[in-house]
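To keep things clear, I will list the structure first and then write my remarks on it.
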2 protein chains.
Amino acid sequence: MTQNKFTLAEERIPKRWYNIAADLPKPLPPVLHPGTLKPVGPDDLAPLFPMALIMQEVSRDREIDIPEPVRDIYRMWRPTPLYRAHRLEKALGTTAKIFYKYEGVSPAGSHKPNTAVAQAFYNKEEGVTKLVTETGAGQWGSSLAMAGAFFGLSVKVYMVKVSFNQKPYRRALMETYGATCVASPSSETNSGRQILAADANSNGSLGIAISEAVEVAATSGDTKYALGSVLNHVLMHQSVIGIETIEQMEQAGVVPDVIVGYTGGGSNFAGLTFPFIGQQLRGGKKLRVIACEPAACPSLTRGRYAYDFGDTSHMTPLVKMHTLGSTFMPPGFHAGGLRYHGMAPLVSHLKELGIIEAEAFTQTECFAAGVQFARCEGIVPAPEANHAVRGAIKVALEAKAMGTSPVILFGLCGHGHFDMQAYMDYAAGKLEDRSYDQAALDQALAGLPKVAAE
Amino acid sequence: MTQNKFTLAEERIPKRWYNIAADLPKPLPPVLHPGTLKPVGPDDLAPLFPMALIMQEVSRDREIDIPEPVRDIYRMWRPTPLYRAHRLEKALGTTAKIFYKYEGVSPAGSHKPNTAVAQAFYNKEEGVTKLVTETGAGQWGSSLAMAGAFFGLSVKVYMVKVSFNQKPYRRALMETYGATCVASPSSETNSGRQILAADANSNGSLGIAISEAVEVAATSGDTKYALGSVLNHVLMHQSVIGIETIEQMEQAGVVPDVIVGYTGGGSNFAGLTFPFIGQQLRGGKKLRVIACEPAACPSLTRGRYAYDFGDTSHMTPLVKMHTLGSTFMPPGFHAGGLRYHGMAPLVSHLKELGIIEAEAFTQTECFAAGVQFARCEGIVPAPEANHAVRGAIKVALEAKAMGTSPVILFGLCGHGHFDMQAYMDYAAGKLEDRSYDQAALDQALAGLPKVAAE
């Protein structure tokens, strides 16, 4: 029997997160205050986050201990399995070896609980009782809802309206965990009311939903904000994925030549790849690392590396990142988790340093890859994850054409059981590969804030 | 850190299935031919099943080797985790220890692939190229669709019409795996046309869908039939659940006092409990084993133990089982997998022998239990599994009242990610606890076939 699953014992759940800031050849550009354009200090962020997370955000320690209550919950689904995709390799006729790390065994069906549980824990520790956040496709919102239930925190989620209407089951999952879910833009916040005044039928966007959630946290005394991606501490919490994978690849007796992940905000990609990239930065093997993004919202391949706001209403600090402009509205496509105008500063920074590369894919080619994967490996991937599947298959087919045998590792962040409508649309030939509007992109980029530091 | 997850290494995937027929104090009553009312022989079943499965159906060998290609696929999700429900215990304030075995980590999200893969393998081995089956909620149909994709078999699924319409995502999952899914009753078969002639708006039932699938297999030269529960060989394939659990409970250092499962056709219940019951029958510890069933379709608690057909059109052999009558139509409720008029002959037999007990629960109390479980343990159970959750919580609360500390083990067959509409209806107060119609039940029971052998 050929081994196709590499598991770790429960005690091998990582005891420490990995913080790539310690190994960067050049430090991240500072985060700027939206009013003063000066670097922010911890106190500036205190209205939004508990101090423990703020300190993680700016830490340059290579390793940060994972609190035992967090590890205790991690073991509900961690360590997650690493698989060798024998059947997919055979179907492709490739000489490459393909491995994938699967995060869909978590109760919420994705990698998002890795940080949701940590964030809920630190908020609880500092006496917070209410959390507010936004969600696109709903993977993050449902994960924070679950974490809130574990720690007795009340959770409110602003869900991008188009997903709120298209994905009632994700909303039902949040509500089953006891959270409140509101369609964004809503009439509950100034940010939401402004958007609705301009366009009563607005479908919403992640940028708008972030504005609403940040506003609630900033203007209330008892509520903190939680973000599911982009920020340094969020990416760091996801490093458990890659730390486990390093050990599992050793178990499999191989070292990856190419690592493939998809990028929306960047946390799933970072979680898998940063521990490997860290090894490389400390003198280890040079890897090819590919970030796969949607052609309809291509921040890494078509965005500008510049200071920008994380939200539409310009309430967040300014971070330097690949951005399509905070007012950019991507055309409709089915990977709701990837419809964000910006990219995690750490991922952007690595791209600028030439340590990672990026490639954009259309949604129909991604769904084709997902269906092929499902018929070979059983797991139906989330639409977001299909970008990584597509990227990995492309590398495998290139290897076949060249007669090489690379070891390819990719991240499968979650299952698509909440996203079957997208698969139905794909099967019915209803999916369109709509490109973004170039004029709108130009306009959004022209509206980037002027920051002298650049 | 208190241990709450008990995992097994990949090589501990069972090498043999356990067949309880070897340990029964009294053999099962024979299966009868629907025409002659004489016991059927293997040849009578040959139009429907490959000979390897027929021989398993009648075998009294205690152990049957699991073919390596089947184990090779099992390892995609097996061994599945056993959890201690620490948070649920705390929420209940119970002194009981509660453990649950979770099958929802399979790619299809339930225990059904355990037998789907085995059935697909044996059919493939004997040169079959097409499989036909029925499905209620869709867990079985999607699992056979997946197994068919692995072995290159074409799969056609007759899906009970009410579920076909209510659960488009389950249908999409089958189609993503490459299967064909048809609403039943359909106009494709004589059985379906007869039902439609009598009631053009028939919502269908498992009994009708079985008739359609069996008719297709019986009247075509190249298609075999596959069943997802009820039959001896199907229950035996599920024994991997209990075999693993025995080892995991040893790892946890405990022996169960009470085992709780839900029963629809009986395969999930049998899979978990039969290996434990086998130990008891061979002189081991006496266990309390509880089958939890829906009050709206209560075959074990309100049905008659008698010979009956497995389908509505009376094409199947006659088996002795607890039955509500093959024409019984349960009122609408949300656990589609439990809407079957009969019960597995082996489960019925154990009930008659007093080895297991049974209890019926209404759907609202089951959903209340499922929501409480989700907020404590993270996993949102499938509506079917909520019956086991409810049963386990009841035993735990009884223990609390009595001041005892039993070890309770229950089976969590799958997640409810495809069933969130039911949770939405529950949250909105829309779920009704409709009882079955007593007059209709009396009529269905009066129509039971007359079998002299009784």
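Identifiers for the structure tokens are assigned positionally: chains receive A, B, ... in sequence, residues are indexed from 1 per chain, and ligands are indexed from 1 in the order shown.
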
Chain A contacts to chain B at 9 Å (only C-alpha atoms) as a PyMOL selection string
chain A and resi 1-10+68-69+71-73+75-77+81+83+87+104-109+146-150+168-170+172-173+175-178+371-372+374-380+415+417-421+423-424+427

Can you tell me which residues surround Phe274 (chain B) at a distance of at most 10 Å, considering only C-alpha atoms, apart from same-chain residues fewer than 4 positions away, and format the answer as a compact mmCIF listing (two decimals) with N, CA and C atoms, in the first residue's frame?
# COMPACT_ATOMS: atom_id res chain seq x y z
N TYR B 18 -15.58 -6.73 11.00
CA TYR B 18 -16.16 -7.63 12.00
C TYR B 18 -17.59 -7.99 11.60
N ASN B 19 -17.90 -9.27 11.60
CA ASN B 19 -19.21 -9.77 11.19
C ASN B 19 -19.93 -10.35 12.41
N ILE B 20 -20.91 -9.65 12.90
CA ILE B 20 -21.58 -10.05 14.14
C ILE B 20 -22.37 -11.35 13.98
N ALA B 21 -22.64 -11.75 12.74
CA ALA B 21 -23.38 -13.01 12.52
C ALA B 21 -22.67 -14.19 13.20
N LEU B 235 -23.69 -3.18 6.88
CA LEU B 235 -23.43 -2.97 8.31
C LEU B 235 -22.02 -3.44 8.66
N MET B 236 -21.63 -4.57 8.06
CA MET B 236 -20.29 -5.10 8.35
C MET B 236 -19.19 -4.15 7.90
N GLN B 238 -19.25 -1.08 7.91
CA GLN B 238 -19.16 0.04 8.86
C GLN B 238 -18.48 -0.34 10.16
N SER B 239 -18.20 -1.63 10.35
CA SER B 239 -17.60 -2.07 11.62
C SER B 239 -16.22 -1.46 11.86
N ILE B 241 -15.67 1.47 12.17
CA ILE B 241 -15.89 2.55 13.15
C ILE B 241 -15.69 2.02 14.56
N GLY B 242 -16.38 0.94 14.88
CA GLY B 242 -16.32 0.40 16.23
C GLY B 242 -14.98 -0.25 16.56
N ILE B 243 -14.38 -0.90 15.56
CA ILE B 243 -13.08 -1.55 15.79
C ILE B 243 -12.04 -0.51 16.18
N SER B 267 -27.03 1.34 9.68
CA SER B 267 -25.61 1.03 9.42
C SER B 267 -24.65 1.83 10.30
N PHE B 269 -25.31 2.99 13.32
CA PHE B 269 -25.48 2.39 14.65
C PHE B 269 -24.70 1.08 14.75
N ALA B 270 -24.88 0.24 13.76
CA ALA B 270 -24.21 -1.07 13.78
C ALA B 270 -22.69 -0.91 13.72
N GLY B 278 -20.26 -7.50 20.09
CA GLY B 278 -19.58 -8.78 19.85
C GLY B 278 -18.73 -9.19 21.04
N GLN B 279 -17.99 -8.24 21.59
CA GLN B 279 -17.19 -8.54 22.79
C GLN B 279 -18.08 -9.04 23.92
N GLN B 280 -19.21 -8.37 24.08
CA GLN B 280 -20.16 -8.76 25.13
C GLN B 280 -20.69 -10.17 24.87
N LEU B 281 -21.06 -10.45 23.63
CA LEU B 281 -21.63 -11.76 23.30
C LEU B 281 -20.60 -12.88 23.48
N VAL B 289 -26.87 -0.47 25.35
CA VAL B 289 -26.75 0.05 23.99
C VAL B 289 -28.11 0.60 23.57
N LEU B 346 -30.35 -7.16 11.19
CA LEU B 346 -29.45 -7.46 12.32
C LEU B 346 -29.78 -6.58 13.53
N VAL B 347 -30.07 -5.31 13.30
CA VAL B 347 -30.41 -4.41 14.42
C VAL B 347 -31.75 -4.85 15.02
N LEU B 350 -31.29 -7.98 17.18
CA LEU B 350 -30.68 -7.68 18.50
C LEU B 350 -31.71 -7.03 19.43

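Picture a line from CA of Ile208 (chain B) to CA of Asp311 (chain B); it runs 6.1 Å.
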
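Counting from CA of His334 (chain A), the distance to CA of Val230 (chain A) is 20.3 Å.
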
Using Å and a single decimal, report how far CA of Gly411 (chain A) sits from CA of Val395 (chain A).
14.1 Å

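By only C-alpha atoms, and with residues fewer than 6 positions from Asp308 (chain B) along its chain excluded, the set lying at most 9 Å from it is His314, Pro317, Leu318, Val319, Lys320, Met321, His322, Thr323, Gly325, Ser326, Gly342, Leu448 and Pro449 of chain B.
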
Mind dumping the selected residues with N, CA, C and O atoms as a tab-separated table (two decimals), in the first residue's frame?
chain	number	residue	atom	x	y	z
B	314	HIS	N	-42.49	-3.56	-3.98
B	314	HIS	CA	-42.36	-4.99	-3.66
B	314	HIS	C	-41.55	-5.78	-4.67
B	314	HIS	O	-41.95	-6.85	-5.14
B	317	PRO	N	-36.43	-8.80	-2.02
B	317	PRO	CA	-36.74	-9.96	-1.17
B	317	PRO	C	-37.41	-9.51	0.12
B	317	PRO	O	-37.39	-8.32	0.48
B	318	LEU	N	-37.99	-10.47	0.84
B	318	LEU	CA	-38.62	-10.20	2.12
B	318	LEU	C	-37.62	-10.45	3.24
B	318	LEU	O	-36.96	-11.49	3.27
B	319	VAL	N	-37.52	-9.48	4.14
B	319	VAL	CA	-36.62	-9.67	5.28
B	319	VAL	C	-37.42	-9.46	6.57
B	319	VAL	O	-38.39	-8.69	6.58
B	320	LYS	N	-37.00	-10.16	7.61
B	320	LYS	CA	-37.69	-9.98	8.89
B	320	LYS	C	-37.02	-8.81	9.62
B	320	LYS	O	-35.81	-8.81	9.86
B	321	MET	N	-37.83	-7.83	9.93
B	321	MET	CA	-37.29	-6.60	10.52
B	321	MET	C	-38.39	-5.84	11.24
B	321	MET	O	-39.57	-6.15	11.08
B	322	HIS	N	-38.00	-4.85	12.01
B	322	HIS	CA	-38.99	-3.93	12.54
B	322	HIS	C	-39.42	-3.03	11.40
B	322	HIS	O	-38.58	-2.38	10.77
B	323	THR	N	-40.73	-3.00	11.15
B	323	THR	CA	-41.21	-2.24	10.00
B	323	THR	C	-42.49	-1.50	10.34
B	323	THR	O	-43.30	-1.96	11.16
B	325	GLY	N	-44.37	-0.86	7.80
B	325	GLY	CA	-45.11	-1.19	6.59
B	325	GLY	C	-44.53	-0.44	5.40
B	325	GLY	O	-44.24	0.75	5.48
B	326	SER	N	-44.37	-1.17	4.28
B	326	SER	CA	-43.63	-0.58	3.16
B	326	SER	C	-44.39	0.56	2.50
B	326	SER	O	-43.82	1.29	1.69
B	342	GLY	N	-38.37	0.62	7.37
B	342	GLY	CA	-37.86	-0.59	8.01
B	342	GLY	C	-36.57	-0.34	8.77
B	342	GLY	O	-36.08	0.78	8.88
B	448	LEU	N	-49.01	-5.73	5.57
B	448	LEU	CA	-47.79	-6.54	5.58
B	448	LEU	C	-48.04	-7.87	4.89
B	448	LEU	O	-49.13	-8.43	5.01
B	449	PRO	N	-47.06	-8.37	4.15
B	449	PRO	CA	-47.27	-9.63	3.45
B	449	PRO	C	-47.52	-10.78	4.44
B	449	PRO	O	-46.99	-10.78	5.54

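Checking B:Tyr74, B:Tyr122, B:Tyr100, B:Tyr225 one by one against Glu134 (chain B), counting only C-alpha atoms, you find the shortest gap at B:Tyr225.
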
List as a VMD selection string the protein and nucleic acid residues near Ile356 (chain A), meaning an atom at most 10 Å away when only C-alpha atoms are counted, but skip any in the same chain fewer than 4 places from it.
chain A and resid 259 273 277 287 to 291 347 to 352

Nearest to Ser313 (chain A) among A:Ile355, A:Ala226, A:Leu206, A:Cys413, with distances taken over only C-alpha atoms: which residue is it?
A:Leu206
